[in-house]
Each structure stands twice: as C-alpha cells, then as structure tokens.
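Shown here: input.cif, mmCIF, C-alpha atoms and all ligand atoms.
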```
data_entry
#
loop_
_atom_site.label_atom_id
_atom_site.label_comp_id
_atom_site.auth_asym_id
_atom_site.auth_seq_id
_atom_site.Cartn_x
_atom_site.Cartn_y
_atom_site.Cartn_z
CA MET H 1 -29.91 -40.48 -1.04
CA LYS H 2 -27.13 -38.04 -0.34
CA GLU H 3 -24.78 -40.03 -2.57
CA LYS H 4 -27.35 -39.97 -5.34
CA LEU H 5 -27.59 -36.19 -5.14
CA ILE H 6 -23.84 -35.87 -5.24
CA GLU H 7 -23.78 -38.11 -8.32
CA GLN H 8 -26.45 -35.97 -9.98
CA HIS H 9 -24.66 -32.74 -9.24
CA TYR H 10 -21.41 -34.19 -10.41
CA ALA H 11 -23.02 -35.26 -13.69
CA THR H 12 -24.20 -31.66 -14.23
CA ALA H 13 -20.80 -30.28 -13.37
CA ARG H 14 -19.12 -32.75 -15.71
CA GLU H 15 -21.34 -31.57 -18.56
CA ARG H 16 -20.73 -27.90 -17.83
CA TYR H 17 -17.00 -28.35 -17.67
CA ALA H 18 -17.00 -30.50 -20.81
CA GLU H 19 -18.51 -27.54 -22.67
CA LEU H 20 -15.34 -25.68 -21.75
CA GLY H 21 -13.15 -28.55 -22.84
CA VAL H 22 -12.40 -29.65 -19.27
CA ASP H 23 -12.47 -33.32 -18.35
CA THR H 24 -13.58 -33.45 -14.70
CA ASP H 25 -12.82 -37.16 -14.32
CA LYS H 26 -9.23 -36.50 -15.31
CA ALA H 27 -9.04 -33.57 -12.91
CA LEU H 28 -10.19 -35.74 -10.02
CA GLU H 29 -7.74 -38.47 -10.95
CA ALA H 30 -4.92 -35.92 -10.96
CA LEU H 31 -6.07 -34.49 -7.64
CA LYS H 32 -6.02 -37.92 -6.02
CA LYS H 33 -2.35 -38.26 -6.91
CA ILE H 34 -1.38 -34.99 -5.22
CA SER H 35 0.27 -35.95 -2.00
CA LEU H 36 0.73 -33.17 0.51
CA SER H 37 3.48 -33.27 3.08
CA LEU H 38 1.61 -32.67 6.34
CA HIS H 39 3.65 -30.79 8.91
CA CYS H 40 3.63 -32.55 12.28
CA TRP H 41 4.08 -29.27 14.16
CA GLN H 42 0.47 -28.04 13.98
CA THR H 43 -0.40 -30.72 16.55
CA ASP H 44 1.60 -29.15 19.36
CA ASP H 45 2.42 -25.55 18.42
CA VAL H 46 5.97 -26.49 17.30
CA GLY H 47 6.77 -27.91 20.73
CA GLY H 48 8.50 -31.21 19.96
CA PHE H 49 9.59 -33.75 22.56
CA GLU H 50 12.82 -32.29 23.88
CA ASN H 51 10.90 -29.99 26.13
CA PRO H 52 7.25 -29.69 25.05
CA ASP H 53 6.63 -26.68 27.29
CA GLY H 54 9.84 -24.89 26.41
CA GLU H 55 9.94 -21.52 24.75
CA LEU H 56 9.59 -21.33 20.96
CA THR H 57 12.48 -19.21 19.68
CA GLY H 58 14.06 -18.45 16.33
CA GLY H 59 11.82 -15.68 15.09
CA ILE H 60 8.65 -17.79 14.98
CA GLN H 61 5.74 -17.80 17.38
CA ALA H 62 2.57 -19.82 17.98
CA THR H 63 -0.08 -17.77 19.75
CA GLY H 64 -3.19 -19.02 21.54
CA ASN H 65 -3.90 -21.55 24.25
CA TYR H 66 -6.77 -23.59 22.89
CA PRO H 67 -6.98 -26.84 24.85
CA GLY H 68 -5.82 -30.08 23.29
CA LYS H 69 -2.20 -29.41 22.43
CA ALA H 70 -0.49 -32.76 21.84
CA ARG H 71 2.11 -33.46 24.52
CA THR H 72 3.38 -36.92 23.71
CA ILE H 73 4.38 -38.83 20.63
CA GLU H 74 1.24 -40.94 21.03
CA GLN H 75 -0.94 -37.83 21.05
CA VAL H 76 0.75 -36.40 17.97
CA ARG H 77 0.19 -39.70 16.17
CA ALA H 78 -3.41 -39.98 17.32
CA ASP H 79 -4.11 -36.47 16.01
CA LEU H 80 -2.51 -37.26 12.67
CA GLU H 81 -4.48 -40.49 12.40
CA LYS H 82 -7.65 -38.52 13.05
CA VAL H 83 -6.71 -35.96 10.40
CA LYS H 84 -6.22 -38.78 7.91
CA THR H 85 -9.82 -39.87 8.40
CA LEU H 86 -11.10 -36.37 7.64
CA VAL H 87 -9.36 -35.66 4.34
CA GLY H 88 -9.09 -37.37 0.99
CA GLY H 89 -5.85 -38.39 -0.66
CA ASN H 90 -2.70 -40.10 0.42
CA HIS H 91 -0.28 -37.80 2.18
CA ARG H 92 3.24 -37.62 3.52
CA LEU H 93 4.30 -36.53 6.98
CA SER H 94 6.96 -33.92 7.59
CA LEU H 95 8.81 -34.27 10.90
CA HIS H 96 11.10 -31.80 12.61
CA ALA H 97 14.23 -33.09 14.32
CA ILE H 98 12.79 -32.21 17.76
CA TYR H 99 10.04 -34.82 17.29
CA GLY H 100 12.28 -37.85 17.80
CA ASP H 101 11.29 -40.78 19.97
CA PHE H 102 13.79 -39.89 22.68
CA GLY H 103 12.18 -42.05 25.36
CA GLY H 104 12.31 -39.23 27.91
CA ARG H 105 16.11 -38.99 27.67
CA HIS H 106 17.92 -35.78 26.82
CA ILE H 107 19.44 -36.31 23.41
CA ASP H 108 21.14 -33.14 22.24
CA ARG H 109 20.74 -32.04 18.64
CA ASP H 110 24.25 -33.07 17.69
CA GLN H 111 23.50 -36.58 18.94
CA ILE H 112 20.31 -37.49 17.07
CA GLU H 113 20.33 -40.66 15.04
CA PRO H 114 18.05 -42.64 12.74
CA ALA H 115 17.28 -44.92 15.72
CA HIS H 116 15.40 -42.03 17.37
CA PHE H 117 13.06 -41.97 14.40
CA GLN H 118 12.65 -45.70 13.83
CA SER H 119 9.28 -45.75 15.58
CA TRP H 120 8.13 -42.96 13.25
CA ILE H 121 9.26 -44.97 10.24
CA ASP H 122 7.36 -47.98 11.56
CA TRP H 123 4.31 -45.83 12.24
CA ALA H 124 4.53 -44.33 8.75
CA LYS H 125 4.68 -47.82 7.23
CA ALA H 126 1.68 -48.94 9.25
CA ASN H 127 -0.23 -45.84 8.15
CA ASP H 128 0.82 -46.01 4.52
CA MET H 129 2.64 -42.68 4.67
CA LYS H 130 6.02 -41.49 3.43
CA LEU H 131 8.20 -39.16 5.48
CA ASP H 132 10.00 -35.85 5.02
CA PHE H 133 12.36 -34.23 7.50
CA ASN H 134 13.57 -30.87 8.82
CA SER H 135 16.61 -29.97 10.87
CA THR H 136 15.66 -27.78 13.86
CA SER H 137 17.70 -24.67 14.57
CA PHE H 138 15.26 -22.98 16.94
CA SER H 139 14.27 -23.44 20.61
CA HIS H 140 17.71 -24.50 21.83
CA PRO H 141 20.26 -22.86 24.19
CA LYS H 142 22.67 -22.61 21.23
CA SER H 143 20.08 -21.08 18.88
CA GLY H 144 20.76 -17.41 19.61
CA ASP H 145 20.51 -15.15 16.59
CA LEU H 146 23.06 -17.10 14.56
CA THR H 147 23.51 -20.84 14.08
CA LEU H 148 25.13 -21.97 10.82
CA ALA H 149 26.39 -18.40 10.25
CA ASN H 150 27.74 -17.96 13.75
CA PRO H 151 31.31 -16.56 13.88
CA ASP H 152 31.97 -18.93 16.79
CA ARG H 153 33.38 -22.05 15.17
CA ALA H 154 32.16 -24.32 18.01
CA ILE H 155 28.55 -23.14 17.65
CA ARG H 156 28.73 -23.45 13.89
CA ASP H 157 30.14 -26.96 14.16
CA PHE H 158 27.36 -27.97 16.53
CA TRP H 159 24.72 -26.94 13.99
CA ILE H 160 26.62 -28.40 11.06
CA GLU H 161 26.74 -31.71 12.92
CA HIS H 162 23.03 -31.46 13.69
CA THR H 163 22.15 -30.77 10.08
CA VAL H 164 24.30 -33.56 8.67
CA ARG H 165 22.69 -35.95 11.15
CA SER H 166 19.26 -34.70 10.16
CA ARG H 167 20.02 -35.47 6.54
CA ALA H 168 21.26 -38.94 7.53
CA ILE H 169 17.95 -39.52 9.29
CA ALA H 170 16.04 -38.35 6.21
CA ASP H 171 18.14 -40.75 4.15
CA GLU H 172 17.18 -43.67 6.36
CA MET H 173 13.50 -42.67 6.16
CA GLY H 174 13.70 -42.48 2.39
CA ARG H 175 15.51 -45.81 2.17
CA GLN H 176 13.15 -47.75 4.41
CA LEU H 177 10.00 -46.26 2.97
CA GLY H 178 11.10 -46.49 -0.65
CA SER H 179 10.50 -42.82 -1.39
CA PRO H 180 13.20 -40.14 -1.15
CA ALA H 181 12.61 -37.88 1.84
CA CYS H 182 12.69 -34.12 1.31
CA HIS H 183 15.06 -32.58 3.82
CA ASN H 184 14.26 -28.94 4.41
CA LEU H 185 16.89 -26.68 5.88
CA TRP H 186 15.56 -23.52 7.42
CA VAL H 187 17.58 -21.56 9.96
CA HIS H 188 16.49 -18.31 11.49
CA ASP H 189 19.93 -16.67 11.36
CA GLY H 190 19.61 -12.93 11.24
CA SER H 191 19.75 -9.70 13.12
CA LYS H 192 17.22 -7.54 14.92
CA ASP H 193 18.94 -4.32 14.02
CA ILE H 194 21.22 -3.05 11.31
CA THR H 195 24.25 -5.25 10.86
CA VAL H 196 27.57 -4.23 9.39
CA GLU H 197 28.56 -7.85 8.79
CA ARG H 198 26.23 -9.05 6.04
CA MET H 199 29.03 -10.38 3.87
CA ARG H 200 30.71 -12.07 6.79
CA TYR H 201 27.59 -13.94 7.94
CA ARG H 202 26.66 -14.99 4.43
CA THR H 203 30.20 -16.17 3.74
CA LEU H 204 30.11 -18.28 6.90
CA MET H 205 26.68 -19.60 6.00
CA LYS H 206 27.84 -20.65 2.57
CA GLN H 207 30.85 -22.43 4.09
CA SER H 208 28.61 -24.26 6.56
CA LEU H 209 26.26 -25.32 3.77
CA ASP H 210 29.17 -26.55 1.68
CA GLU H 211 30.32 -28.71 4.60
CA ILE H 212 26.81 -30.00 5.16
CA PHE H 213 26.16 -30.90 1.53
CA ALA H 214 29.58 -32.47 1.05
CA HIS H 215 27.93 -35.53 2.60
CA LYS H 216 25.94 -37.37 -0.05
CA TYR H 217 22.66 -39.06 0.79
CA PRO H 218 21.01 -40.88 -2.11
CA ASN H 219 17.55 -41.08 -0.53
CA VAL H 220 17.29 -37.38 0.24
CA LYS H 221 15.97 -34.49 -1.79
CA ASP H 222 17.62 -31.43 -0.26
CA ALA H 223 15.89 -28.07 0.03
CA VAL H 224 16.90 -24.71 1.49
CA GLU H 225 14.24 -22.28 2.71
CA CYS H 226 14.57 -18.53 2.46
CA LYS H 227 12.72 -15.93 4.50
CA LEU H 228 12.23 -12.20 4.46
CA PHE H 229 12.46 -11.63 8.20
CA GLY H 230 11.78 -13.26 11.53
CA MET H 231 10.27 -11.80 14.68
CA GLY H 232 13.02 -10.13 16.66
CA LEU H 233 15.24 -10.52 13.59
CA GLU H 234 13.64 -7.86 11.44
CA SER H 235 16.58 -6.08 9.87
CA PHE H 236 18.53 -8.90 8.28
CA THR H 237 18.10 -12.54 7.35
CA VAL H 238 21.20 -14.43 6.28
CA GLY H 239 19.16 -16.91 4.22
CA SER H 240 17.42 -14.46 1.93
CA LEU H 241 15.73 -15.41 -1.33
CA GLU H 242 18.73 -14.42 -3.41
CA PHE H 243 21.13 -16.27 -1.14
CA TYR H 244 19.32 -19.60 -1.17
CA LEU H 245 18.12 -19.44 -4.74
CA ALA H 246 21.66 -18.85 -5.93
CA TYR H 247 22.88 -21.63 -3.66
CA ALA H 248 20.21 -24.05 -4.87
CA VAL H 249 20.97 -23.32 -8.52
CA GLN H 250 24.69 -23.63 -8.05
CA ASN H 251 24.36 -26.94 -6.21
CA GLY H 252 21.48 -28.56 -8.03
CA ILE H 253 19.24 -28.75 -4.96
CA MET H 254 15.74 -27.43 -4.28
CA ALA H 255 14.67 -24.02 -3.09
CA THR H 256 11.81 -24.07 -0.61
CA LEU H 257 9.25 -21.39 -1.30
CA ASP H 258 7.17 -20.62 1.78
CA THR H 259 4.14 -18.58 0.77
CA GLY H 260 4.49 -16.59 4.01
CA HIS H 261 8.08 -15.54 3.41
CA PHE H 262 7.89 -12.73 0.90
CA HIS H 263 6.88 -9.11 0.62
CA PRO H 264 3.11 -8.76 0.91
CA THR H 265 2.51 -7.99 -2.77
CA GLU H 266 5.05 -10.50 -4.03
CA GLU H 267 3.37 -13.63 -5.39
CA THR H 268 4.91 -17.04 -4.81
CA ALA H 269 2.94 -18.20 -7.85
CA ASP H 270 5.08 -16.11 -10.17
CA LYS H 271 8.27 -17.75 -8.93
CA ILE H 272 7.40 -21.30 -10.03
CA SER H 273 8.14 -20.95 -13.74
CA SER H 274 11.39 -19.09 -13.07
CA VAL H 275 12.79 -21.32 -10.36
CA LEU H 276 11.91 -24.59 -12.10
CA LEU H 277 13.96 -23.65 -15.13
CA PHE H 278 17.09 -23.64 -13.00
CA THR H 279 16.55 -26.18 -10.21
CA PRO H 280 15.54 -29.85 -10.35
CA GLU H 281 12.41 -29.54 -8.23
CA ILE H 282 10.74 -27.14 -5.82
CA MET H 283 9.65 -27.59 -2.24
CA LEU H 284 6.67 -25.56 -1.15
CA HIS H 285 5.60 -24.47 2.30
CA VAL H 286 1.97 -23.58 1.86
CA SER H 287 1.08 -21.05 4.53
CA ARG H 288 -0.73 -17.75 4.99
CA PRO H 289 0.95 -14.53 6.03
CA VAL H 290 -1.05 -12.08 8.15
CA ARG H 291 0.75 -8.86 9.19
CA TRP H 292 3.85 -9.99 11.08
CA ASP H 293 2.95 -13.66 11.15
CA SER H 294 3.89 -15.96 8.28
CA ASP H 295 2.06 -19.02 9.57
CA HIS H 296 -1.72 -18.62 9.74
CA VAL H 297 -3.92 -21.54 8.74
CA VAL H 298 -4.10 -21.89 4.96
CA ILE H 299 -7.39 -20.82 3.42
CA LEU H 300 -8.58 -20.75 -0.17
CA ASN H 301 -7.31 -17.29 -1.07
CA ASP H 302 -6.02 -15.79 -4.30
CA SER H 303 -2.43 -16.46 -3.40
CA ILE H 304 -3.00 -20.23 -3.06
CA LEU H 305 -5.31 -20.39 -6.07
CA SER H 306 -2.80 -18.72 -8.36
CA LEU H 307 0.04 -20.80 -6.94
CA ALA H 308 -1.84 -24.00 -7.81
CA GLN H 309 -2.70 -22.63 -11.26
CA GLU H 310 0.89 -21.82 -12.05
CA ILE H 311 2.01 -25.31 -11.05
CA VAL H 312 -0.72 -27.02 -13.06
CA TRP H 313 -0.35 -24.73 -16.06
CA ALA H 314 3.42 -25.27 -16.07
CA ASP H 315 2.73 -29.01 -16.07
CA ALA H 316 5.00 -29.08 -13.04
CA LEU H 317 3.10 -31.21 -10.53
CA PRO H 318 5.68 -34.03 -10.60
CA ARG H 319 8.45 -31.54 -9.80
CA VAL H 320 6.79 -29.72 -6.92
CA ASN H 321 6.86 -31.13 -3.39
CA ILE H 322 3.93 -29.59 -1.61
CA GLY H 323 4.42 -29.20 2.11
CA LEU H 324 2.18 -27.35 4.54
CA ASP H 325 3.59 -25.02 7.16
CA TYR H 326 1.40 -23.19 9.62
CA PHE H 327 0.63 -23.32 13.31
CA ASP H 328 -2.31 -21.83 15.12
CA ALA H 329 -2.70 -22.52 18.84
CA SER H 330 -5.94 -20.56 19.14
CA ILE H 331 -8.33 -23.04 17.51
CA ASN H 332 -8.90 -26.78 17.46
CA ARG H 333 -5.63 -28.09 16.07
CA ILE H 334 -7.07 -31.01 14.14
CA GLY H 335 -9.57 -28.58 12.63
CA ALA H 336 -6.70 -26.28 11.67
CA TYR H 337 -5.03 -29.14 9.81
CA VAL H 338 -8.15 -30.12 7.97
CA ILE H 339 -8.97 -26.57 6.87
CA GLY H 340 -5.48 -26.06 5.48
CA ILE H 341 -5.32 -29.44 3.77
CA ARG H 342 -8.73 -29.02 2.17
CA ALA H 343 -8.00 -25.45 1.10
CA THR H 344 -4.82 -26.61 -0.61
CA GLN H 345 -6.65 -29.47 -2.31
CA LYS H 346 -9.44 -27.14 -3.43
CA ALA H 347 -6.89 -24.78 -4.94
CA PHE H 348 -5.37 -27.62 -6.96
CA LEU H 349 -8.79 -28.91 -7.96
CA ALA H 350 -9.73 -25.43 -9.16
CA ALA H 351 -6.49 -25.25 -11.13
CA LEU H 352 -7.05 -28.67 -12.65
CA LEU H 353 -10.54 -27.58 -13.69
CA SER H 354 -9.53 -24.36 -15.35
CA PRO H 355 -10.28 -24.23 -19.10
CA ILE H 356 -6.63 -23.73 -19.91
CA ALA H 357 -6.77 -24.86 -23.54
CA GLN H 358 -9.41 -22.25 -24.38
CA LEU H 359 -7.64 -19.58 -22.31
CA ARG H 360 -4.45 -20.22 -24.23
CA ARG H 361 -6.26 -20.03 -27.57
CA TYR H 362 -7.64 -16.64 -26.59
CA GLU H 363 -4.23 -15.43 -25.55
CA ASP H 364 -2.62 -16.64 -28.80
CA GLU H 365 -5.27 -14.78 -30.75
CA GLY H 366 -4.80 -11.61 -28.75
CA LYS H 367 -8.35 -11.85 -27.39
CA TYR H 368 -7.63 -10.42 -23.99
CA PHE H 369 -11.19 -9.45 -23.07
CA GLN H 370 -12.23 -13.04 -23.74
CA ARG H 371 -9.32 -14.36 -21.72
CA LEU H 372 -10.25 -12.22 -18.74
CA ALA H 373 -13.95 -12.99 -19.09
CA LEU H 374 -13.33 -16.73 -19.15
CA LEU H 375 -10.99 -16.51 -16.17
CA GLU H 376 -13.83 -14.81 -14.33
CA GLU H 377 -16.41 -17.32 -15.56
CA ALA H 378 -14.23 -20.18 -14.45
CA LYS H 379 -14.40 -18.82 -10.92
CA LEU H 380 -18.21 -19.02 -10.89
CA CYS H 381 -18.19 -22.41 -12.53
CA ARG H 382 -15.97 -23.55 -9.72
CA GLY H 383 -18.34 -22.01 -7.20
CA ALA H 384 -21.19 -24.01 -8.66
CA THR H 385 -19.49 -27.26 -7.84
CA TYR H 386 -18.46 -26.22 -4.36
CA SER H 387 -21.69 -24.70 -3.30
CA THR H 388 -23.67 -26.83 -0.93
CA THR H 389 -27.10 -25.26 -0.52
CA SER H 390 -29.58 -25.74 -3.32
CA ALA H 391 -30.47 -22.03 -3.30
CA SER H 392 -26.89 -20.96 -3.87
CA ARG H 393 -26.48 -23.66 -6.51
CA ALA H 394 -29.50 -22.37 -8.37
CA ALA H 395 -28.24 -18.79 -8.16
CA LEU H 396 -24.88 -19.82 -9.46
CA ARG H 397 -26.47 -21.77 -12.28
CA ARG H 398 -28.51 -18.70 -13.28
CA ALA H 399 -25.40 -16.56 -13.23
CA TRP H 400 -23.63 -19.09 -15.36
CA ILE H 401 -26.43 -19.37 -17.93
CA SER H 402 -26.97 -15.63 -18.26
CA SER H 403 -23.27 -14.88 -18.57
CA PRO H 404 -21.58 -14.31 -21.95
CA THR H 405 -21.49 -17.62 -23.76
CA SER H 406 -18.39 -18.88 -25.43
CA SER H 407 -19.88 -18.04 -28.83
CA ALA H 408 -20.42 -14.44 -27.74
CA MET H 409 -16.82 -14.38 -26.62
CA ASN H 410 -15.66 -15.81 -29.90
CA ALA H 411 -17.36 -12.96 -31.69
CA GLY H 412 -14.49 -10.95 -30.23
C1 LIG F 501 9.76 -20.44 9.60
C2 LIG F 501 9.81 -21.41 8.47
C3 LIG F 501 9.98 -22.85 8.85
C4 LIG F 501 9.19 -23.23 10.09
C5 LIG F 501 9.15 -24.71 10.37
C6 LIG F 501 8.67 -24.99 11.73
O1 LIG F 501 9.40 -19.20 9.23
O2 LIG F 501 8.68 -21.26 7.69
O3 LIG F 501 9.67 -23.64 7.76
O4 LIG F 501 7.88 -22.75 10.03
O5 LIG F 501 10.38 -25.23 10.10
ZN ZN F 502 8.30 -22.67 6.16
#
```
This entry written out as structure tokens:
Amino acid sequence: MKEKLIEQHYATARERYAELGVDTDKALEALKKISLSLHCWQTDDVGGFENPDGELTGGIQATGNYPGKARTIEQVRADLEKVKTLVGGNHRLSLHAIYGDFGGRHIDRDQIEPAHFQSWIDWAKANDMKLDFNSTSFSHPKSGDLTLANPDRAIRDFWIEHTVRSRAIADEMGRQLGSPACHNLWVHDGSKDITVERMRYRTLMKQSLDEIFAHKYPNVKDAVECKLFGMGLESFTVGSLEFYLAYAVQNGIMATLDTGHFHPTEETADKISSVLLFTPEIMLHVSRPVRWDSDHVVILNDSILSLAQEIVWADALPRVNIGLDYFDASINRIGAYVIGIRATQKAFLAALLSPIAQLRRYEDEGKYFQRLALLEEAKLCRGATYSTTSASRAALRRAWISSPTSSAMNAG
C-alpha cells in the first residue's frame, strides 16, 4: 500500500518535472552513482584508538556527552554498518590515521604502516566500500601549535614521516580495493595571537609539503585542506586558502574545500568553477559552520543546496570527491550521520532536478525576472516531492498550479 502511494506520487512528480524539461528517472540514476566519503570520526567524537579518552587538540572540538560513543574498532564498524542500512547509495569510508587496528599496542604516528589498516581494508571489501585516508596532526604530544611548519627540524621530520606513511597506507588501500584513495592533508598549524613569522612558517610548510609529495603513490589522489582559523589558533593559519590553492595548482593535486572553513558570507559553491579550471579534481568536506564551530551536523541549507547546484551545473560530478566532515557528541551519533548523509543527498537530488536548460535559455535571452521566478518555482516543486503529509502535498500542489506558468513567463 505504502509502496503504491509512493509510486503514484512519483508518477505525478515525474509529470510535473517533465513539463519543465527535467527527467526525474535520469536524476535518480545520477543520484545513485554519487558516492559520499563517510567520515569515521562522527562515531567517536574524533577519538581514535590511540587513546580514545584523550584530549582532542589542534583547534577542533567535539562538545556533548550523549551516551553511545564508540570506543573500540568493533563499535565503530558496527555503527557504520548500521548507518549503511539507513541510507541509500553506495558510499566510501574516510579513515583518520588514529583509527588503525593497533591491537592495544602503542604505535606512534611515525611508525604506522599499511598492516595496521589491513583489517579495515578487509572490512571495506566485505562491506563493498572503498576507502579514503587522512593523516592526523592533532591530539598528540608533538602536536603543539605547529607540526609541518615547526621551526624545530626534529618535530617537522616526525610529522613529515607520519604524513608520508599515511600516504603509503592510502596507496595500499587504493591498490587493494581497486579505487584510488583520496588522501587529505589537514594540519592545524597556526597561532593564537599575532605572529611576526608568517613568511617563515609558510616557507617551512612548503618545504615539508615538497618533501612529502616527492614520494609518488599511484593509487592516491592527494588533497590539501585550508582553513580560516582554529580554536585557540585564531590569529593565523599557515594553511590558508591562498597557500593551499596555490600549492595545489602548482603541484597538480586537489584542494579540499571544507564548507565550514571560510568567512561566514563566503560561499564554497562559488569556488567550484574557479578551482576546477586549475586543478584536476576537488575534494569536499561537507560540514556546517555555526559561530566558532566549523563542524555541526550537515542540514539541507542554502549553502549545501547551492554547492550541489554548482557541481551539477558545471557538469563536474566525476571530478568532485564528496567527503563529509562533522562531529556532534550531543545527539545520537548514528542519527547525526544519517541526517548529514541524507541532507547531502537531498541537495544533490534537488540540483539534479533543477530545470537548468530552461534557466539557461532565460539567462541567454536576458529574461532575468523569469530566471528568478523559475528558480523560486523549482524550490516549491522540490518541496512537493519531499513533503510527506497529504495536507502539505495538496497545499504545495495548489501553490504550484496557481503560480505563474511557463507560458506567462515566456510572455516576458
Ligand atoms: C578541521 C578539518 C579537518 C578535521 C578532520 C577531523 O577543521 O576540517 O578536516 O575536521 O580531519
Ligand atoms: Zn575538514
């Protein structure tokens, strides 16, 4: 019965969208192919297995103490398996270096090896998932304020070694799973207060990166993630947008755009068409900034909707690696995953359903009222398919029918 209703409603939606030149079957097919890289760290508030109850440092913070934080590798996997049953699509898993299968031993970051991640690779195979990887600069006695940009050669070397090893692990994941692993490099390096050594730190950082990327790994897609500021590191971030974007362009690697890492009125969406003209691919960290926090659970807001639109309208889906990055310890963690995954999928579905051919015709013809009106209409049309109660569906249908028709719009 319920299925029949869904079929009926879908048939209506298909007709409505067809009137706007949108093929809903094609949109759903495209949506199915969008594989998100699920971040393992929402399961345990970015704890990892070195010391699950240790302090989270490096300018990031997970707040809340909702029960159910995963404490073991088995619990992280069980949570992820549960998440998989609650969302559509076939997704990847993004691991941080602190999530290795260390068997209770203390393996320092400059000692990690592919062997510590073999059980993850096996698990991924068994669960039909591909893997991505992240080096971990935070929550370590040598983290401090500076890692790869540290003037102390020994500290720098430690983190260079860690990062090279992380990329080697990503390479092994990519090789065994038959799909290149994205390796994301984010370090918190920065300064709480005014620094007089910006050039020095950035010079050191560039040298460290050059050493790291001198190693070639064929099964890795490298990405470098910029940030505006971290908590306790508010005045200066070594890895700013300009720094990493320039580095990515110069070296033919990816820039990671985290939607929580820019000025509040700056739109990540607008960066897609610029960055993709100069780099091979993009890595995204889909997140939600709120005040000082860059990592609230993703919801279907304008920022995510326009980001998805820009990617779809630029025909760039094959060149964008969509990772999630948020952590909320104050609500059910599996629920947090599912909300963020579904919100991201909804944003892409909405983008795939937008009447872009008609919108472009209007724009070509200079019909800007019509363009804006149709953009607005498309929002309601989308609402009609999402809406679950029959009353709201009926209201939306009325709004749709009584709104300016496309012929009225054509009258200009
Ligand atoms: C921090 C960055 C980074 C981390 C993860 C845990 O601001 O967004 O991507 O969130 O690596
Ligand atoms: Zn991020």
Could I get the residues of chain H with an atom no further than 7 Å from an atom of ligand ZN 502 (chain F), each paired with its nearest atom pair and that distance in Å to one decimal, using only C-alpha atoms and all ligand atoms, sorted by chain and residue number, as JSON lines?
```
{"residue": "H:Glu225", "atom": "CA", "partner": "F:ZN502", "partner_atom": "ZN", "distance": 6.9}
{"residue": "H:Asp258", "atom": "CA", "partner": "F:ZN502", "partner_atom": "ZN", "distance": 5.0}
{"residue": "H:His285", "atom": "CA", "partner": "F:ZN502", "partner_atom": "ZN", "distance": 5.0}
{"residue": "H:Asp325", "atom": "CA", "partner": "F:ZN502", "partner_atom": "ZN", "distance": 5.4}
```
Around ligand LIG 501 (chain F), out to 8 Å and counting all atoms listed in the file, which residues are there? I want them as a list in words.
Trp41, Val46, Gly59, Ile60, His96, Asn134, Ser135, Thr136, Asn184, Leu185, Trp186, Val187, His188, Glu225, Lys227, Gly230, Asp258, Gly260, His261, His285, Ser294, Asp295, Asp325, Tyr326 and Phe327 of chain H
Within 6 Å of stretch 276-282 of chain H using only C-alpha atoms, minus same-chain residues under 5 positions, as a list of chain:residue names:
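Returned residues: H:Val249, H:Gly252, H:Met254, H:Ala255, H:Arg319, H:Val320.
The gap separating atom CA of H:Ile299 from atom CA of H:Pro67 is 22.3 Å, in Å to one decimal.
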Please indicate the distance in Å from atom CA of H:Pro318 to atom CA of H:Ser35, rounded to one decimal place.
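Computing it gives 10.3 Å between the two atoms.
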Between atom CA of H:Glu242 and atom CA of H:Lys271 lies a distance of 12.3 Å
In the coordinate frame of the file, compute which residues have an atom within 12 Å of (2.7, -21.6, 14.5) when using all atoms listed in the file, and state them as a VMD selection string.
chain H and resid 39 to 47 56 to 65 260 287 to 289 293 to 298 324 to 331 333 336 to 337
So, counting all atoms listed in the file, which residue among H:Ala149, H:Cys182, H:Ala351, H:Val164 is closest to H:Arg198?
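Among the listed residues, H:Ala149 lies closest to H:Arg198.
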Given only C-alpha atoms as the basis, pick out the residue of H:Met129, H:Val286, H:Glu50, H:Gln75 nearest to H:Ala269.
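Residue with the minimum atom-to-atom distance to H:Ala269: H:Val286.
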